[in-house]
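S.K.: Contents of my_file.cif (mmCIF, C-alpha atoms and all ligand atoms):
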```
data_run
#
loop_
_atom_site.label_atom_id
_atom_site.label_comp_id
_atom_site.auth_asym_id
_atom_site.auth_seq_id
_atom_site.Cartn_x
_atom_site.Cartn_y
_atom_site.Cartn_z
CA SER A 1359 79.87 152.89 20.40
CA HIS A 1360 80.05 155.11 23.45
CA GLU A 1361 79.88 152.38 26.05
CA VAL A 1362 82.15 154.17 28.56
CA PHE A 1363 79.71 157.07 28.54
CA GLU A 1364 76.53 155.00 28.96
CA HIS A 1365 75.96 155.98 32.59
CA ALA A 1366 77.11 159.57 32.11
CA PHE A 1367 74.52 159.85 29.33
CA GLU A 1368 71.85 158.86 31.89
CA VAL A 1369 72.91 161.86 34.00
CA ILE A 1370 72.63 164.08 30.92
CA GLN A 1371 69.24 162.62 30.04
CA LYS A 1372 67.91 163.49 33.48
CA ILE A 1373 69.03 167.11 33.08
CA GLU A 1374 67.44 167.25 29.62
CA GLU A 1375 64.17 165.84 30.95
CA ALA A 1376 64.17 168.64 33.50
CA GLY A 1377 64.38 171.12 30.61
CA GLY A 1378 68.15 171.76 30.61
CA GLU A 1379 71.13 171.04 28.41
CA ALA A 1380 74.25 169.04 29.26
CA TYR A 1381 77.35 167.62 27.56
CA ILE A 1382 80.38 165.57 28.39
CA VAL A 1383 83.39 167.89 28.18
CA GLY A 1384 87.13 168.16 28.67
CA GLY A 1385 89.55 165.32 29.27
CA ALA A 1386 87.02 162.50 28.93
CA VAL A 1387 86.04 163.49 25.38
CA ARG A 1388 89.68 164.06 24.43
CA ASP A 1389 90.81 160.72 25.80
CA TYR A 1390 87.88 158.90 24.22
CA LEU A 1391 88.55 160.43 20.79
CA SER A 1392 92.24 159.60 20.99
CA GLY A 1393 91.59 156.00 21.97
CA ARG A 1394 92.90 156.31 25.49
CA PRO A 1395 91.28 155.02 28.68
CA VAL A 1396 88.70 157.45 30.04
CA ASN A 1397 89.02 158.41 33.71
CA ASP A 1398 86.89 161.07 35.36
CA ILE A 1399 83.92 162.25 33.35
CA ASP A 1400 83.10 165.96 33.58
CA ILE A 1401 79.73 167.32 32.52
CA ALA A 1402 78.91 170.91 31.53
CA THR A 1403 75.33 172.13 31.86
CA SER A 1404 73.11 175.15 31.21
CA GLU A 1405 71.54 174.64 34.65
CA THR A 1406 72.64 176.36 37.86
CA PRO A 1407 74.11 174.34 40.74
CA GLU A 1408 70.89 174.96 42.67
CA ARG A 1409 68.84 173.41 39.87
CA ILE A 1410 71.18 170.41 39.70
CA GLN A 1411 70.69 169.92 43.44
CA GLU A 1412 66.93 169.83 42.85
CA ILE A 1413 67.19 167.38 39.93
CA PHE A 1414 69.38 164.76 41.63
CA ASP A 1415 69.11 163.01 45.00
CA LYS A 1416 72.80 162.71 45.70
CA VAL A 1417 74.67 165.94 45.11
CA ILE A 1418 77.84 167.09 46.88
CA PRO A 1419 78.35 170.87 46.77
CA VAL A 1420 82.10 171.14 46.17
CA GLY A 1421 82.40 174.55 44.52
CA ILE A 1422 79.00 176.15 44.17
CA GLU A 1423 80.46 179.66 43.67
CA HIS A 1424 82.38 178.39 40.61
CA GLY A 1425 79.32 176.49 39.45
CA THR A 1426 80.54 172.99 40.30
CA VAL A 1427 78.76 170.19 42.14
CA ILE A 1428 79.40 166.45 42.21
CA VAL A 1429 76.51 164.24 41.17
CA ARG A 1430 76.64 160.64 42.37
CA HIS A 1431 75.02 158.22 39.95
CA ARG A 1432 75.32 154.43 40.20
CA SER A 1433 78.16 154.91 42.73
CA VAL A 1434 80.22 157.03 40.33
CA SER A 1435 81.01 160.74 40.78
CA TYR A 1436 80.45 163.23 37.99
CA GLU A 1437 81.63 166.82 38.23
CA VAL A 1438 78.74 168.87 36.88
CA THR A 1439 79.65 172.48 36.12
CA THR A 1440 77.40 175.27 34.91
CA TYR A 1441 78.45 176.88 31.59
CA ARG A 1442 80.56 179.83 32.55
CA VAL A 1443 82.94 182.47 31.30
CA GLU A 1444 85.82 183.88 33.30
CA GLU A 1445 87.05 187.43 33.37
CA GLY A 1446 89.84 189.28 35.12
CA TYR A 1447 92.77 187.08 36.19
CA GLU A 1448 94.34 190.19 37.73
CA ASP A 1449 96.35 188.21 40.27
CA TYR A 1450 97.38 185.40 37.89
CA ARG A 1451 95.50 183.01 40.10
CA HIS A 1452 91.78 183.12 40.04
CA PRO A 1453 89.53 184.77 37.56
CA ASP A 1454 88.14 187.92 39.19
CA GLU A 1455 84.67 187.03 38.09
CA VAL A 1456 82.83 183.90 37.08
CA THR A 1457 79.68 184.46 35.08
CA PHE A 1458 77.20 181.73 34.29
CA VAL A 1459 76.08 181.66 30.65
CA GLN A 1460 73.53 179.78 28.58
CA ASP A 1461 75.66 178.80 25.58
CA ILE A 1462 78.01 175.79 25.57
CA THR A 1463 80.25 177.40 22.92
CA LEU A 1464 81.00 180.27 25.30
CA ASP A 1465 81.99 177.74 27.94
CA LEU A 1466 84.26 175.94 25.48
CA ALA A 1467 85.98 179.24 24.66
CA ARG A 1468 87.37 179.60 28.20
CA ARG A 1469 89.12 176.21 28.03
CA ASP A 1470 92.87 175.97 27.58
CA PHE A 1471 93.58 173.81 24.51
CA THR A 1472 91.48 172.86 21.49
CA THR A 1473 91.80 169.16 22.39
CA ASN A 1474 90.14 170.02 25.73
CA ALA A 1475 87.42 172.22 24.26
CA ILE A 1476 85.17 169.58 22.70
CA ALA A 1477 81.69 168.74 24.00
CA MET A 1478 79.80 165.51 23.32
CA SER A 1479 76.03 165.22 23.43
CA ARG A 1480 74.01 162.24 24.65
CA ASP A 1481 73.73 160.93 21.08
CA GLY A 1482 77.47 161.14 20.44
CA ARG A 1483 77.37 164.39 18.45
CA LEU A 1484 80.42 166.62 18.88
CA ILE A 1485 80.34 170.36 19.46
CA ASP A 1486 83.80 171.30 18.35
CA PRO A 1487 84.05 174.97 17.36
CA TYR A 1488 87.85 175.02 17.66
CA HIS A 1489 88.47 171.86 15.65
CA GLY A 1490 89.86 169.94 18.58
CA HIS A 1491 89.09 166.63 16.88
CA ASP A 1492 91.43 167.62 14.03
CA ALA A 1493 94.08 168.61 16.59
CA ILE A 1494 93.75 165.14 18.13
CA ARG A 1495 94.12 163.50 14.70
CA ASN A 1496 97.15 165.69 13.95
CA LYS A 1497 98.55 165.15 17.47
CA LYS A 1498 98.73 168.87 18.25
CA ILE A 1499 98.40 170.91 21.41
CA GLU A 1500 97.14 174.35 20.48
CA ALA A 1501 95.68 177.12 22.59
CA VAL A 1502 92.05 178.10 22.18
CA GLY A 1503 92.26 181.63 20.77
CA GLU A 1504 95.34 183.81 21.10
CA PRO A 1505 98.04 181.76 22.86
CA SER A 1506 99.82 184.65 24.59
CA GLU A 1507 96.53 186.05 25.90
CA ARG A 1508 95.61 182.67 27.27
CA PHE A 1509 99.00 182.23 28.98
CA HIS A 1510 98.79 185.72 30.45
CA GLU A 1511 95.37 184.89 31.88
CA ASP A 1512 96.69 181.77 33.56
CA PRO A 1513 100.39 180.93 33.24
CA LEU A 1514 99.81 177.45 34.65
CA ARG A 1515 98.49 176.62 31.18
CA MET A 1516 102.11 176.64 29.98
CA MET A 1517 102.90 173.73 32.28
CA ARG A 1518 99.68 172.06 31.18
CA ALA A 1519 100.74 172.34 27.52
CA VAL A 1520 103.95 170.46 28.31
CA ARG A 1521 102.05 167.99 30.48
CA PHE A 1522 99.65 167.11 27.67
CA ALA A 1523 102.54 166.83 25.20
CA SER A 1524 104.15 164.32 27.57
CA GLN A 1525 100.98 162.33 28.29
CA LEU A 1526 99.66 162.22 24.73
CA SER A 1527 102.92 162.42 22.84
CA PHE A 1528 101.57 165.41 20.91
CA LYS A 1529 103.56 168.27 19.43
CA ILE A 1530 102.91 171.81 20.58
CA GLU A 1531 101.59 173.88 17.68
CA LYS A 1532 103.98 176.58 16.44
CA ARG A 1533 102.21 179.72 17.66
CA THR A 1534 101.47 178.15 21.00
CA GLU A 1535 105.10 177.10 21.38
CA GLU A 1536 106.33 180.58 20.46
CA ALA A 1537 104.12 182.07 23.16
CA LEU A 1538 105.55 179.53 25.60
CA ASN A 1539 109.09 180.55 24.69
CA HIS A 1540 108.31 184.20 25.30
CA LEU A 1541 106.14 183.92 28.36
CA SER A 1542 107.78 181.19 30.45
CA PRO A 1543 108.90 183.77 33.10
CA LEU A 1544 105.23 184.29 33.97
CA LEU A 1545 105.41 180.92 35.67
CA GLN A 1546 106.90 182.68 38.71
CA HIS A 1547 103.41 183.99 39.51
CA ILE A 1548 102.04 180.48 39.96
CA SER A 1549 102.04 178.65 43.28
CA ILE A 1550 104.49 175.78 43.54
CA GLU A 1551 101.68 173.43 44.60
CA ARG A 1552 99.86 173.88 41.27
CA ILE A 1553 103.10 173.52 39.32
CA ALA A 1554 103.94 170.35 41.25
CA VAL A 1555 100.71 168.67 40.11
CA GLU A 1556 101.59 169.21 36.45
CA MET A 1557 105.24 168.32 36.95
CA GLU A 1558 104.34 164.96 38.45
CA LYS A 1559 102.18 164.23 35.40
CA ILE A 1560 104.99 165.22 33.03
CA PHE A 1561 107.27 162.56 34.56
CA GLY A 1562 104.45 160.00 34.41
CA GLY A 1563 103.61 160.64 30.76
CA SER A 1564 104.46 158.08 28.10
CA ASP A 1565 106.57 160.68 26.30
CA TYR A 1566 108.19 162.18 29.42
CA ALA A 1567 111.43 162.67 27.46
CA LEU A 1568 109.59 165.09 25.16
CA GLY A 1569 108.16 166.79 28.24
CA LEU A 1570 111.58 167.27 29.82
CA GLN A 1571 113.00 168.54 26.57
CA LEU A 1572 110.16 171.07 26.23
CA LEU A 1573 110.73 172.31 29.77
CA GLN A 1574 114.27 173.12 28.73
CA SER A 1575 113.61 174.58 25.28
CA THR A 1576 110.77 176.83 26.44
CA GLY A 1577 112.67 178.13 29.45
CA LEU A 1578 110.04 176.87 31.88
CA LYS A 1579 112.75 174.82 33.58
CA ASN A 1580 114.43 178.00 34.86
CA HIS A 1581 111.43 178.52 37.12
CA LEU A 1582 111.36 175.06 38.66
CA PRO A 1583 113.08 174.89 42.05
CA ILE A 1584 115.95 172.37 42.33
CA LEU A 1585 115.24 170.91 38.90
CA LYS A 1586 116.54 174.11 37.34
CA ASP A 1587 120.02 173.20 38.63
CA LEU A 1588 119.97 169.63 37.32
CA ASP A 1589 120.72 168.43 33.83
CA ILE A 1590 117.29 166.93 33.27
CA ASN A 1591 117.94 166.35 29.58
CA ARG A 1592 121.07 164.34 30.15
CA ASN A 1593 119.70 162.43 33.12
CA VAL A 1594 116.53 161.32 31.37
CA PRO A 1595 114.85 158.38 33.10
CA TYR A 1596 114.74 155.13 31.08
CA SER A 1597 111.04 154.78 31.93
CA PRO A 1598 108.30 156.97 33.42
CA LEU A 1599 108.21 157.74 37.14
CA PHE A 1600 104.95 157.82 39.08
CA GLY A 1601 104.93 160.23 41.97
CA TRP A 1602 107.31 162.68 43.58
CA HIS A 1603 108.99 160.07 45.77
CA GLU A 1604 110.16 158.24 42.65
CA ILE A 1605 111.25 161.45 40.93
CA ILE A 1606 113.25 162.68 43.92
CA ALA A 1607 114.85 159.29 44.51
CA PHE A 1608 115.78 159.14 40.83
CA TYR A 1609 117.71 162.42 40.98
CA ALA A 1610 119.10 161.86 44.47
CA VAL A 1611 120.78 158.66 43.28
CA GLN A 1612 122.44 160.52 40.43
CA TYR A 1613 123.30 163.71 42.26
CA PRO A 1614 124.80 162.66 45.61
CA GLN A 1615 125.09 166.32 46.67
CA LEU A 1616 121.36 166.84 46.21
CA SER A 1617 119.38 167.10 49.44
CA PRO A 1618 116.03 165.29 49.23
CA GLU A 1619 114.87 167.33 52.24
CA ASN A 1620 115.51 170.62 50.44
CA PHE A 1621 113.87 169.25 47.33
CA MET A 1622 110.69 168.38 49.21
CA LYS A 1623 110.70 171.65 51.10
CA SER A 1624 111.05 173.86 48.04
CA TRP A 1625 108.29 171.98 46.24
CA LYS A 1626 106.11 172.00 49.39
CA LEU A 1627 105.48 168.27 49.13
CA SER A 1628 103.42 166.29 51.62
CA LYS A 1629 104.50 164.31 54.66
CA ASP A 1630 103.42 161.16 52.88
CA THR A 1631 105.78 161.92 49.98
CA LYS A 1632 108.54 162.52 52.48
CA LYS A 1633 107.97 159.19 54.19
CA LYS A 1634 107.97 157.31 50.91
CA THR A 1635 111.04 159.10 49.56
CA VAL A 1636 113.08 158.31 52.67
CA GLN A 1637 112.10 154.64 52.55
CA LEU A 1638 112.72 154.28 48.85
CA LEU A 1639 116.15 155.89 49.08
CA HIS A 1640 117.03 153.79 52.10
CA ALA A 1641 116.22 150.62 50.14
CA TYR A 1642 118.18 151.84 47.16
CA LYS A 1643 121.22 152.54 49.36
CA ILE A 1644 121.13 148.94 50.59
CA TYR A 1645 121.04 147.82 46.97
CA GLU A 1646 124.02 150.03 46.06
CA ARG A 1647 126.03 148.76 49.02
CA LYS A 1648 125.37 145.08 48.35
CA LYS A 1649 125.03 145.33 44.55
CA ASN A 1650 122.09 143.02 45.06
CA VAL A 1651 118.46 142.96 46.11
CA THR A 1652 118.98 141.38 49.52
CA SER A 1653 116.44 139.92 51.92
CA TRP A 1654 117.17 142.80 54.31
CA LEU A 1655 116.28 145.29 51.58
CA VAL A 1656 113.00 143.51 50.83
CA TYR A 1657 112.22 143.24 54.55
CA GLN A 1658 112.77 146.97 55.12
CA LEU A 1659 110.64 148.07 52.19
CA ASP A 1660 106.83 148.32 52.55
CA ASN A 1661 105.05 146.14 49.98
CA GLU A 1662 103.22 149.29 48.98
CA LEU A 1663 106.53 150.65 47.64
CA PHE A 1664 107.52 147.59 45.58
CA PRO A 1665 106.14 149.08 42.34
CA SER A 1666 108.03 152.31 43.06
CA PHE A 1667 111.27 150.44 43.70
CA SER A 1668 110.81 148.53 40.42
CA ARG A 1669 110.18 151.71 38.48
CA LEU A 1670 113.12 153.50 40.09
CA PHE A 1671 115.24 150.51 39.14
CA SER A 1672 114.09 150.64 35.53
CA ALA A 1673 114.35 154.41 35.34
CA LEU A 1674 118.00 154.12 36.43
CA ASP A 1675 118.49 151.31 33.88
CA GLU A 1676 119.30 148.80 36.61
CA GLY A 1677 116.79 146.18 35.55
CA ASP A 1678 113.35 145.54 34.10
CA MET A 1679 109.89 146.40 35.35
CA ASN A 1680 109.05 142.88 36.53
CA LEU A 1681 111.07 143.24 39.70
CA ASP A 1682 107.76 143.92 41.45
CA LYS A 1683 106.73 140.24 41.39
CA ALA A 1684 110.20 139.05 42.39
CA LEU A 1685 110.11 141.35 45.42
CA THR A 1686 106.72 140.02 46.48
CA ASP A 1687 107.92 136.42 46.19
CA MET A 1688 111.08 137.22 48.14
CA LYS A 1689 109.10 138.88 50.90
CA ASP A 1690 106.70 135.94 51.18
CA GLN A 1691 109.65 133.62 51.73
CA LEU A 1692 111.30 135.67 54.46
CA PRO A 1693 111.44 133.96 57.90
CA ILE A 1694 109.56 136.93 59.41
CA GLN A 1695 107.57 139.81 57.94
CA ASN A 1696 108.03 142.22 60.86
CA LYS A 1697 109.54 142.63 64.34
CA LYS A 1698 106.44 141.26 66.06
CA GLU A 1699 107.04 137.85 64.51
CA LEU A 1700 110.43 137.45 66.22
CA SER A 1701 110.16 134.51 68.60
CA PHE A 1702 112.67 136.20 70.92
CA GLN A 1703 111.62 139.64 72.14
CA ALA A 1704 113.20 142.39 74.26
CA ARG A 1705 111.52 141.04 77.41
CA ASP A 1706 113.27 137.69 76.83
CA LEU A 1707 116.57 139.48 76.53
CA LEU A 1708 115.94 141.31 79.83
CA GLN A 1709 115.11 138.03 81.54
CA LEU A 1710 118.50 136.69 80.48
CA TYR A 1711 120.32 139.75 81.81
CA THR A 1712 118.28 140.80 84.85
CA HIS A 1713 121.37 142.27 86.51
CA LEU A 1714 122.11 144.73 83.68
CA PRO A 1715 120.73 148.28 83.69
CA LYS A 1716 118.39 149.16 80.82
CA GLY A 1717 120.02 151.13 78.03
CA PRO A 1718 120.56 151.47 74.30
CA TRP A 1719 122.16 148.01 74.23
CA ILE A 1720 118.68 146.45 74.30
CA SER A 1721 117.55 147.91 71.00
CA GLU A 1722 121.02 147.41 69.48
CA TRP A 1723 120.97 143.71 70.36
CA MET A 1724 117.38 143.36 69.21
CA ASP A 1725 118.34 144.97 65.89
CA THR A 1726 121.14 142.44 65.47
CA ILE A 1727 118.78 139.55 66.25
CA GLU A 1728 116.20 140.89 63.82
CA HIS A 1729 118.80 141.36 61.08
CA CYS A 1730 120.26 137.87 61.53
CA VAL A 1731 116.84 136.20 61.53
CA VAL A 1732 115.84 138.04 58.36
CA THR A 1733 119.07 137.16 56.56
CA GLY A 1734 118.84 133.54 57.73
CA GLU A 1735 122.00 133.59 59.86
CA ILE A 1736 119.95 132.33 62.78
CA GLU A 1737 116.67 130.45 62.87
CA ASN A 1738 113.61 132.25 64.28
CA ASP A 1739 113.48 129.85 67.23
CA TYR A 1740 113.29 130.94 70.87
CA GLU A 1741 115.73 128.37 72.27
CA LYS A 1742 118.26 128.76 69.48
CA ILE A 1743 118.32 132.55 69.75
CA LYS A 1744 118.57 132.31 73.55
CA GLU A 1745 121.61 130.03 73.39
CA TRP A 1746 123.20 132.27 70.78
CA VAL A 1747 122.67 135.48 72.75
CA ARG A 1748 124.05 133.85 75.95
CA GLY A 1749 127.46 133.78 74.29
CA TRP A 1750 127.54 137.53 73.65
CA ASN A 1751 129.74 139.86 75.70
CA PRO A 1752 127.57 141.88 78.08
CA PRO A 1753 127.59 145.58 77.16
CA ALA A 1754 129.98 147.80 79.10
CA SER A 1755 127.91 149.66 81.70
CA ASN A 1756 128.24 153.40 81.78
P1 LIG A 1801 93.07 164.83 33.17
O1 LIG A 1801 92.83 163.61 32.38
O2 LIG A 1801 94.47 164.95 33.63
O3 LIG A 1801 92.07 165.07 34.27
P2 LIG A 1801 91.73 167.04 31.95
O4 LIG A 1801 91.77 167.60 30.56
O5 LIG A 1801 90.43 166.48 32.40
O6 LIG A 1801 92.91 166.01 32.10
P3 LIG A 1801 91.52 168.79 34.20
O7 LIG A 1801 92.60 169.52 34.91
O8 LIG A 1801 90.78 167.73 34.92
O9 LIG A 1801 92.18 168.23 32.88
O10 LIG A 1801 90.49 169.87 33.67
C1 LIG A 1801 89.28 169.55 33.04
C2 LIG A 1801 89.02 170.51 31.89
O11 LIG A 1801 88.90 171.84 32.38
C3 LIG A 1801 90.13 170.57 30.86
O12 LIG A 1801 90.00 169.57 29.86
C4 LIG A 1801 89.97 171.97 30.30
O13 LIG A 1801 88.93 172.01 29.36
C5 LIG A 1801 89.55 172.77 31.52
N1 LIG A 1801 90.68 173.36 32.23
C6 LIG A 1801 91.34 172.85 33.31
N2 LIG A 1801 92.30 173.67 33.75
C7 LIG A 1801 92.25 174.75 32.95
C8 LIG A 1801 92.99 175.97 32.88
N3 LIG A 1801 93.97 176.22 33.75
N4 LIG A 1801 92.65 176.85 31.94
C9 LIG A 1801 91.64 176.61 31.06
N5 LIG A 1801 90.92 175.49 31.07
C10 LIG A 1801 91.21 174.56 31.99
MG MG A 1802 90.03 165.74 34.44
#
```
Please go through the file and, once you have read it, give me the structure as structure tokens.

M.R.:
Amino acid sequence: SHEVFEHAFEVIQKIEEAGGEAYIVGGAVRDYLSGRPVNDIDIATSETPERIQEIFDKVIPVGIEHGTVIVRHRSVSYEVTTYRVEEGYEDYRHPDEVTFVQDITLDLARRDFTTNAIAMSRDGRLIDPYHGHDAIRNKKIEAVGEPSERFHEDPLRMMRAVRFASQLSFKIEKRTEEALNHLSPLLQHISIERIAVEMEKIFGGSDYALGLQLLQSTGLKNHLPILKDLDINRNVPYSPLFGWHEIIAFYAVQYPQLSPENFMKSWKLSKDTKKKTVQLLHAYKIYERKKNVTSWLVYQLDNELFPSFSRLFSALDEGDMNLDKALTDMKDQLPIQNKKELSFQARDLLQLYTHLPKGPWISEWMDTIEHCVVTGEIENDYEKIKEWVRGWNPPASN
């Protein structure tokens, strides 16, 4: 049965009742037919974006000029795109012209791979002019039409081919792979941001080792900043990595001369990635120093990054994936969760040493107190910390 599509079929029904045509297309159909979990559901329709806006109450116009709107139905978003063909691609980036058409098979023809060019009707019937269902059964990634033409039109498709191979554990069909081998230099015309999206998915795929090997054999690797200088087929992770912060930390651990800052700069990664990478690497350095997951390490690491630390650990073959739970338990048992929970604060320190000028010694002493409370060297108790600190040598004034 098509249970996962039940509500999407209601959207289609509404378009049909208004006199139009609509199908589920792309990744959702592919994932459904290959027995994988279905994520976003995309719908292709004969109707214009304007018509779709008339038919539904809740429509978000996200890309009207390309024919795409988002329809909200039962609190779920569906990308609804008018059948279209694309022409031009002069600048390797955007098709020069998008033309709306009335025939679903024309829309399927513009799609990248046969596995992604299948449409499903409301009654579960497949429109599959390129035999994508067979490609799924045979575990093959093959271009729709002439592979080299399709890669010339949009060289990002070469990265997508490798990405799907990695995610689905499919082989790339011979003619498609030959085109990849010849045309990999075209990748230089593609923005690093678009490449980064596919690259992240290659590392997260269940067959990421196949993905990395394909990057090498096709020559695509030569056009990937930083990674082109690493031996990605020798340093294969032991398990998939989710997100750039995990990928960068993985290589930074193995290549001490590698600069994570340069890595992030050349891939134009976000501030958020940067923050996470720095934290993850900091935690890993503590682990390397102590050869142990210490309370200080757990304290310093945001809970949000526990899964990343576990995966980095597994990818480096340092331990198994269940570290996540152990980290959570360890954190729960720490005497304090953050600085604010210290029962002895900077103001208490100043009260003890009213005669001393303010200076860096305050934060240095507070850091020591924090560290010792976290590691259990001193109890988180106001009186006990006060007595302890009283015995310290006052800082030399400058
Ligand atoms: P995912 O599960 O990662 O979202 P997907 O197949 O849905 O995979 P999307 O990038 O969301 O991939 O694209 C949706 C569909 O649009 C694809 O299945 C494909 O039919 C088409 N498509 C996307 N990018 C391209 C491209 N660069 N060239 C041709 N067709 C494309
Ligand atoms: Mg998708």

S.K.: Hey, what's within 7 Å of range 1467-1478 of chain A if we count only C-alpha atoms and toss same-chain stuff fewer than 3 positions away? As a short mmCIF file (atom, residue, chain, number, x, y, z; two decimals) with C-alpha atoms, keeping the file's coordinate frame, please?

M.R.:
```
data_model
loop_
_atom_site.label_atom_id
_atom_site.label_comp_id
_atom_site.auth_asym_id
_atom_site.auth_seq_id
_atom_site.Cartn_x
_atom_site.Cartn_y
_atom_site.Cartn_z
CA TYR A 1381 77.35 167.62 27.56
CA ILE A 1382 80.38 165.57 28.39
CA VAL A 1383 83.39 167.89 28.18
CA GLY A 1384 87.13 168.16 28.67
CA GLY A 1385 89.55 165.32 29.27
CA VAL A 1387 86.04 163.49 25.38
CA ARG A 1388 89.68 164.06 24.43
CA VAL A 1443 82.94 182.47 31.30
CA GLU A 1444 85.82 183.88 33.30
CA THR A 1463 80.25 177.40 22.92
CA LEU A 1464 81.00 180.27 25.30
CA GLY A 1482 77.47 161.14 20.44
CA ARG A 1483 77.37 164.39 18.45
CA LEU A 1484 80.42 166.62 18.88
CA ILE A 1485 80.34 170.36 19.46
CA ASP A 1486 83.80 171.30 18.35
CA TYR A 1488 87.85 175.02 17.66
CA HIS A 1489 88.47 171.86 15.65
CA GLY A 1490 89.86 169.94 18.58
CA HIS A 1491 89.09 166.63 16.88
CA ALA A 1493 94.08 168.61 16.59
CA ILE A 1494 93.75 165.14 18.13
CA ILE A 1499 98.40 170.91 21.41
CA GLU A 1500 97.14 174.35 20.48
CA ALA A 1501 95.68 177.12 22.59
CA VAL A 1502 92.05 178.10 22.18
CA ARG A 1515 98.49 176.62 31.18
#
```

S.K.: Excluding Thr1439 in chain A and its own-chain neighbours fewer than 4 positions away, which residues fall within 12 Å of it when counting all atoms listed in the file? Please give them as a PyMOL selection string.

M.R.: chain A and resi 1379-1384+1399-1411+1419-1429+1443+1456+1458-1459+1462+1465

S.K.: Please, could you write that set of residues out with C-alpha atoms as a PDB file, keeping the file's coordinate frame?

M.R.:
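Done, and the output landed in part_36.pdb:
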```pdb
ATOM      1  CA  GLU A1379      71.130 171.040  28.410  1.00  0.00           C
ATOM      2  CA  ALA A1380      74.250 169.040  29.260  1.00  0.00           C
ATOM      3  CA  TYR A1381      77.350 167.620  27.560  1.00  0.00           C
ATOM      4  CA  ILE A1382      80.380 165.570  28.390  1.00  0.00           C
ATOM      5  CA  VAL A1383      83.390 167.890  28.180  1.00  0.00           C
ATOM      6  CA  GLY A1384      87.130 168.160  28.670  1.00  0.00           C
ATOM      7  CA  ILE A1399      83.920 162.250  33.350  1.00  0.00           C
ATOM      8  CA  ASP A1400      83.100 165.960  33.580  1.00  0.00           C
ATOM      9  CA  ILE A1401      79.730 167.320  32.520  1.00  0.00           C
ATOM     10  CA  ALA A1402      78.910 170.910  31.530  1.00  0.00           C
ATOM     11  CA  THR A1403      75.330 172.130  31.860  1.00  0.00           C
ATOM     12  CA  SER A1404      73.110 175.150  31.210  1.00  0.00           C
ATOM     13  CA  GLU A1405      71.540 174.640  34.650  1.00  0.00           C
ATOM     14  CA  THR A1406      72.640 176.360  37.860  1.00  0.00           C
ATOM     15  CA  PRO A1407      74.110 174.340  40.740  1.00  0.00           C
ATOM     16  CA  GLU A1408      70.890 174.960  42.670  1.00  0.00           C
ATOM     17  CA  ARG A1409      68.840 173.410  39.870  1.00  0.00           C
ATOM     18  CA  ILE A1410      71.180 170.410  39.700  1.00  0.00           C
ATOM     19  CA  GLN A1411      70.690 169.920  43.440  1.00  0.00           C
ATOM     20  CA  PRO A1419      78.350 170.870  46.770  1.00  0.00           C
ATOM     21  CA  VAL A1420      82.100 171.140  46.170  1.00  0.00           C
ATOM     22  CA  GLY A1421      82.400 174.550  44.520  1.00  0.00           C
ATOM     23  CA  ILE A1422      79.000 176.150  44.170  1.00  0.00           C
ATOM     24  CA  GLU A1423      80.460 179.660  43.670  1.00  0.00           C
ATOM     25  CA  HIS A1424      82.380 178.390  40.610  1.00  0.00           C
ATOM     26  CA  GLY A1425      79.320 176.490  39.450  1.00  0.00           C
ATOM     27  CA  THR A1426      80.540 172.990  40.300  1.00  0.00           C
ATOM     28  CA  VAL A1427      78.760 170.190  42.140  1.00  0.00           C
ATOM     29  CA  ILE A1428      79.400 166.450  42.210  1.00  0.00           C
ATOM     30  CA  VAL A1429      76.510 164.240  41.170  1.00  0.00           C
ATOM     31  CA  VAL A1443      82.940 182.470  31.300  1.00  0.00           C
ATOM     32  CA  VAL A1456      82.830 183.900  37.080  1.00  0.00           C
ATOM     33  CA  PHE A1458      77.200 181.730  34.290  1.00  0.00           C
ATOM     34  CA  VAL A1459      76.080 181.660  30.650  1.00  0.00           C
ATOM     35  CA  ILE A1462      78.010 175.790  25.570  1.00  0.00           C
ATOM     36  CA  ASP A1465      81.990 177.740  27.940  1.00  0.00           C
TER      37      ASP A1465
END
```

S.K.: Quick one: everything within 12 Å of Ile1720 in chain A, counting only C-alpha atoms, minus sequence neighbours fewer than 4 positions away in the same chain. Send it as a list of chain:residue names.

M.R.: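 Result of the neighbour search: A:Gln1703, A:Ala1704, A:Arg1705, A:Asp1706, A:Leu1707, A:Leu1708, A:Gln1709, A:Leu1710, A:Tyr1711, A:Thr1712, A:Leu1714, A:Pro1715, A:Lys1716, A:Met1724, A:Asp1725, A:Thr1726, A:Ile1727, A:Val1747, A:Pro1752, A:Pro1753.
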
S.K.: For the selection just defined, write its residues with C-alpha atoms to a file, as a short mmCIF file (atom, residue, chain, number, x, y, z; two decimals), in the coordinates of the input.

M.R.:
```cif
data_model
loop_
_atom_site.label_atom_id
_atom_site.label_comp_id
_atom_site.auth_asym_id
_atom_site.auth_seq_id
_atom_site.Cartn_x
_atom_site.Cartn_y
_atom_site.Cartn_z
CA GLN A 1703 111.62 139.64 72.14
CA ALA A 1704 113.20 142.39 74.26
CA ARG A 1705 111.52 141.04 77.41
CA ASP A 1706 113.27 137.69 76.83
CA LEU A 1707 116.57 139.48 76.53
CA LEU A 1708 115.94 141.31 79.83
CA GLN A 1709 115.11 138.03 81.54
CA LEU A 1710 118.50 136.69 80.48
CA TYR A 1711 120.32 139.75 81.81
CA THR A 1712 118.28 140.80 84.85
CA LEU A 1714 122.11 144.73 83.68
CA PRO A 1715 120.73 148.28 83.69
CA LYS A 1716 118.39 149.16 80.82
CA MET A 1724 117.38 143.36 69.21
CA ASP A 1725 118.34 144.97 65.89
CA THR A 1726 121.14 142.44 65.47
CA ILE A 1727 118.78 139.55 66.25
CA VAL A 1747 122.67 135.48 72.75
CA PRO A 1752 127.57 141.88 78.08
CA PRO A 1753 127.59 145.58 77.16
#
```
